[in-house]
>>> print(open('work.txt').read())   # compact mmCIF, N, CA and C atoms
# COMPACT_ATOMS: atom_id res chain seq x y z
N MET A 1 0.84 -1.17 0.00
CA MET A 1 0.00 0.00 0.00
C MET A 1 0.89 1.25 0.00
N SER A 2 0.62 2.23 -0.86
CA SER A 2 1.44 3.43 -0.95
C SER A 2 1.01 4.46 0.10
N THR A 3 1.98 5.28 0.50
CA THR A 3 1.70 6.33 1.47
C THR A 3 1.22 7.57 0.73
N LEU A 4 0.13 8.16 1.19
CA LEU A 4 -0.38 9.38 0.57
C LEU A 4 0.51 10.55 0.97
N ARG A 5 0.82 11.40 0.03
CA ARG A 5 1.64 12.59 0.28
C ARG A 5 0.73 13.77 0.56
N THR A 6 0.99 14.46 1.66
CA THR A 6 0.19 15.65 1.97
C THR A 6 0.78 16.84 1.23
N GLU A 7 0.01 17.91 1.16
CA GLU A 7 0.49 19.13 0.51
C GLU A 7 1.72 19.68 1.24
N ALA A 8 1.73 19.62 2.55
CA ALA A 8 2.87 20.10 3.33
C ALA A 8 4.12 19.27 3.04
N TRP A 9 3.96 17.96 2.91
CA TRP A 9 5.10 17.09 2.61
C TRP A 9 5.67 17.43 1.23
N LEU A 10 4.78 17.63 0.25
CA LEU A 10 5.24 17.97 -1.10
C LEU A 10 5.95 19.32 -1.11
N PHE A 11 5.42 20.31 -0.39
CA PHE A 11 6.05 21.62 -0.32
C PHE A 11 7.43 21.51 0.31
N ALA A 12 7.53 20.77 1.40
CA ALA A 12 8.81 20.60 2.08
C ALA A 12 9.83 19.87 1.20
N SER A 13 9.37 18.98 0.36
CA SER A 13 10.30 18.21 -0.47
C SER A 13 10.90 19.03 -1.60
N VAL A 14 10.26 20.13 -2.00
CA VAL A 14 10.78 20.94 -3.11
C VAL A 14 11.27 22.32 -2.67
N THR A 15 11.12 22.67 -1.41
CA THR A 15 11.56 23.97 -0.91
C THR A 15 12.96 23.85 -0.35
N PRO A 16 13.89 24.70 -0.83
CA PRO A 16 15.26 24.62 -0.30
C PRO A 16 15.33 25.03 1.16
N ASP A 17 16.40 24.61 1.81
CA ASP A 17 16.64 24.97 3.20
C ASP A 17 16.81 26.48 3.27
N LEU A 18 16.05 27.16 4.12
CA LEU A 18 16.09 28.61 4.21
C LEU A 18 16.92 29.11 5.38
N THR A 19 17.89 28.32 5.80
CA THR A 19 18.73 28.72 6.93
C THR A 19 19.52 29.98 6.56
N PRO A 20 19.34 31.08 7.29
CA PRO A 20 20.02 32.33 6.93
C PRO A 20 21.55 32.22 6.93
N THR A 21 22.10 31.38 7.79
CA THR A 21 23.56 31.29 7.86
C THR A 21 24.14 30.59 6.64
N GLY A 22 23.31 29.89 5.87
CA GLY A 22 23.81 29.17 4.71
C GLY A 22 23.76 29.98 3.42
N VAL A 23 23.29 31.23 3.48
CA VAL A 23 23.14 32.04 2.29
C VAL A 23 24.34 32.97 2.15
N PRO A 24 25.13 32.84 1.05
CA PRO A 24 26.27 33.74 0.88
C PRO A 24 25.82 35.17 0.58
N THR A 25 26.54 36.14 1.13
CA THR A 25 26.23 37.55 0.97
C THR A 25 27.29 38.21 0.10
N VAL A 26 26.86 39.10 -0.78
CA VAL A 26 27.77 39.85 -1.65
C VAL A 26 27.58 41.33 -1.37
N ARG A 27 28.68 42.08 -1.27
CA ARG A 27 28.58 43.53 -1.08
C ARG A 27 28.54 44.20 -2.45
N ALA A 28 27.74 45.25 -2.55
CA ALA A 28 27.60 45.96 -3.83
C ALA A 28 27.16 47.39 -3.56
N ARG A 29 27.13 48.17 -4.61
CA ARG A 29 26.57 49.53 -4.57
C ARG A 29 25.44 49.56 -5.58
N VAL A 30 24.29 50.07 -5.16
CA VAL A 30 23.14 50.16 -6.06
C VAL A 30 22.51 51.54 -5.96
N ALA A 31 21.84 51.95 -7.03
CA ALA A 31 21.11 53.21 -7.03
C ALA A 31 19.82 53.02 -6.26
N CYS A 32 19.56 53.93 -5.33
CA CYS A 32 18.35 53.85 -4.51
C CYS A 32 17.19 54.53 -5.24
N PRO A 33 16.09 53.81 -5.46
CA PRO A 33 14.96 54.42 -6.17
C PRO A 33 14.23 55.48 -5.35
N GLU A 34 14.41 55.49 -4.02
CA GLU A 34 13.73 56.48 -3.19
C GLU A 34 14.51 57.78 -3.09
N THR A 35 15.84 57.69 -2.92
CA THR A 35 16.65 58.90 -2.72
C THR A 35 17.37 59.36 -3.98
N GLY A 36 17.55 58.45 -4.94
CA GLY A 36 18.28 58.78 -6.15
C GLY A 36 19.78 58.67 -5.98
N GLY A 37 20.25 58.40 -4.76
CA GLY A 37 21.68 58.26 -4.50
C GLY A 37 22.14 56.82 -4.65
N VAL A 38 23.44 56.62 -4.49
CA VAL A 38 24.02 55.29 -4.55
C VAL A 38 24.34 54.85 -3.13
N ASN A 39 23.88 53.65 -2.76
CA ASN A 39 24.09 53.14 -1.40
C ASN A 39 24.83 51.81 -1.44
N ARG A 40 25.61 51.58 -0.37
CA ARG A 40 26.23 50.26 -0.20
C ARG A 40 25.16 49.32 0.35
N VAL A 41 25.13 48.11 -0.20
CA VAL A 41 24.14 47.12 0.22
C VAL A 41 24.82 45.76 0.33
N ARG A 42 24.13 44.83 0.95
CA ARG A 42 24.52 43.42 0.94
C ARG A 42 23.40 42.67 0.25
N LEU A 43 23.79 41.84 -0.73
CA LEU A 43 22.84 41.11 -1.55
C LEU A 43 22.93 39.62 -1.30
N VAL A 44 21.82 38.95 -1.44
CA VAL A 44 21.76 37.49 -1.43
C VAL A 44 20.86 37.06 -2.59
N VAL A 45 20.93 35.80 -2.95
CA VAL A 45 19.99 35.25 -3.91
C VAL A 45 18.91 34.54 -3.11
N ASP A 46 17.67 34.97 -3.30
CA ASP A 46 16.55 34.35 -2.60
C ASP A 46 16.49 32.88 -2.99
N PRO A 47 16.58 31.96 -2.01
CA PRO A 47 16.62 30.54 -2.34
C PRO A 47 15.32 29.99 -2.94
N VAL A 48 14.23 30.69 -2.76
CA VAL A 48 12.96 30.22 -3.30
C VAL A 48 12.73 30.75 -4.72
N THR A 49 12.92 32.07 -4.91
CA THR A 49 12.64 32.66 -6.22
C THR A 49 13.85 32.67 -7.14
N GLY A 50 15.06 32.64 -6.57
CA GLY A 50 16.27 32.73 -7.37
C GLY A 50 16.62 34.16 -7.77
N HIS A 51 15.89 35.15 -7.26
CA HIS A 51 16.14 36.55 -7.58
C HIS A 51 17.04 37.19 -6.52
N PRO A 52 17.85 38.20 -6.89
CA PRO A 52 18.66 38.89 -5.89
C PRO A 52 17.78 39.68 -4.94
N ALA A 53 18.23 39.80 -3.69
CA ALA A 53 17.48 40.54 -2.69
C ALA A 53 18.45 41.30 -1.79
N VAL A 54 18.07 42.47 -1.34
CA VAL A 54 18.88 43.28 -0.45
C VAL A 54 18.59 42.87 0.99
N THR A 55 19.65 42.53 1.74
CA THR A 55 19.46 42.15 3.14
C THR A 55 19.93 43.22 4.10
N TRP A 56 20.74 44.16 3.62
CA TRP A 56 21.25 45.25 4.45
C TRP A 56 21.51 46.44 3.56
N CYS A 57 21.24 47.64 4.05
CA CYS A 57 21.49 48.87 3.29
C CYS A 57 22.08 49.90 4.23
N GLU A 58 23.14 50.60 3.77
CA GLU A 58 23.78 51.60 4.62
C GLU A 58 22.83 52.73 5.00
N ARG A 59 21.80 52.93 4.21
CA ARG A 59 20.83 53.98 4.50
C ARG A 59 20.14 53.75 5.84
N PHE A 60 19.97 52.49 6.23
CA PHE A 60 19.29 52.17 7.48
C PHE A 60 20.26 51.77 8.58
N ASP A 61 21.53 51.53 8.25
CA ASP A 61 22.60 51.30 9.21
C ASP A 61 22.21 50.37 10.37
N GLY A 62 21.78 49.17 10.03
CA GLY A 62 21.48 48.17 11.06
C GLY A 62 20.03 48.15 11.51
N ARG A 63 19.28 49.20 11.22
CA ARG A 63 17.86 49.19 11.58
C ARG A 63 17.08 48.37 10.56
N THR A 64 15.86 48.04 10.86
CA THR A 64 15.01 47.30 9.93
C THR A 64 14.78 48.15 8.69
N MET A 65 14.96 47.53 7.52
CA MET A 65 14.74 48.27 6.27
C MET A 65 13.25 48.54 6.11
N THR A 66 12.93 49.78 5.76
CA THR A 66 11.53 50.17 5.62
C THR A 66 11.27 50.85 4.29
N CYS A 67 11.98 50.42 3.25
CA CYS A 67 11.78 51.01 1.92
C CYS A 67 10.37 50.76 1.42
N GLU A 68 9.87 51.74 0.69
CA GLU A 68 8.55 51.59 0.06
C GLU A 68 8.68 50.94 -1.31
N ARG A 69 9.91 50.92 -1.86
CA ARG A 69 10.11 50.40 -3.20
C ARG A 69 11.26 49.41 -3.21
N LEU A 70 11.27 48.54 -4.22
CA LEU A 70 12.35 47.57 -4.37
C LEU A 70 13.53 48.21 -5.10
N CYS A 71 14.75 47.89 -4.66
CA CYS A 71 15.96 48.40 -5.32
C CYS A 71 16.26 47.64 -6.60
N LEU A 72 16.01 46.35 -6.56
CA LEU A 72 16.41 45.47 -7.65
C LEU A 72 15.19 44.95 -8.39
N HIS A 73 15.26 45.01 -9.69
CA HIS A 73 14.18 44.51 -10.53
C HIS A 73 14.77 43.53 -11.53
N PRO A 74 14.72 42.23 -11.25
CA PRO A 74 15.28 41.26 -12.19
C PRO A 74 14.60 41.33 -13.55
N GLU A 75 15.40 41.29 -14.59
CA GLU A 75 14.86 41.31 -15.94
C GLU A 75 15.19 39.99 -16.61
N PRO A 76 14.23 39.43 -17.33
CA PRO A 76 14.50 38.16 -18.03
C PRO A 76 15.55 38.39 -19.13
N VAL A 77 16.48 37.47 -19.22
CA VAL A 77 17.54 37.58 -20.22
C VAL A 77 17.57 36.31 -21.03
N THR A 78 17.66 36.46 -22.32
CA THR A 78 17.82 35.29 -23.18
C THR A 78 19.24 35.29 -23.71
N GLU A 79 19.89 34.16 -23.61
CA GLU A 79 21.27 34.05 -24.08
C GLU A 79 21.31 33.80 -25.57
N GLU A 80 22.26 34.46 -26.22
CA GLU A 80 22.46 34.26 -27.65
C GLU A 80 23.23 32.97 -27.85
N PRO A 81 22.87 32.16 -28.85
CA PRO A 81 23.64 30.94 -29.09
C PRO A 81 25.06 31.29 -29.51
N ALA A 82 26.00 30.46 -29.08
CA ALA A 82 27.41 30.72 -29.37
C ALA A 82 27.77 30.43 -30.81
>>> encode(input="work.txt", output="structure tokens")
Amino acid sequence: MSTLRTEAWLFASVTPDLTPTGVPTVRARVACPETGGVNRVRLVVDPVTGHPAVTWCERFDGRTMTCERLCLHPEPVTEEPA
């Protein structure tokens, strides 16, 4: 007799481990859409969506980020055949 898979079990089987300590961080400078200036940030790749995300911004200097807008907007790219 086969075991029925629940929705939670299926979700857990395809969702990557979201442990914050396992996510590599990259330092960068990005243009801030709210201030128009360039800020130092720390970026990670979101393990679920695969998109870059800002985890720290010098504008907030350790406080919780409260931006009204996103800094990064991933654009789909198609590679040209070699």
>>> residues_around(input="work.txt", residues="stretch 38-45 of chain A", least_positions_apart="3", cutoff="6 Å", atoms="all atoms listed in the file", output="list in words")
Pro24, Thr25, Val26, Arg27, Ala28, Arg29, Val30, Ala31, Cys32, Gly50, His51, Pro52, Ala53, Val54, Thr55, Trp56, Cys57 and Glu58 of chain A
>>> atom_distance(input="work.txt", atom1="atom CA of A:Gly37", atom2="atom CA of A:Arg59")
10.0 Å
>>> atom_distance(input="work.txt", atom1="atom CA of A:Val48", atom2="atom N of A:Pro33")
23.9 Å
>>> atom_distance(input="work.txt", atom1="atom CA of A:Glu75", atom2="atom CA of A:Phe60")
26.2 Å
>>> axis_aligned_box(input="work.txt", around="stretch 42-48 of chain A", padding_each_side="5 Å", output="lines of an AutoDock Vina configuration file")
center_x = 18.6
center_y = 37.4
center_z = -1.9
size_x = 21.8
size_y = 24.8
size_z = 15.7
>>> select_by_dssp(input="work.txt", residues="stretch 18-75 of chain A", states="strand (DSSP E or B)", output="count of residues only")
20
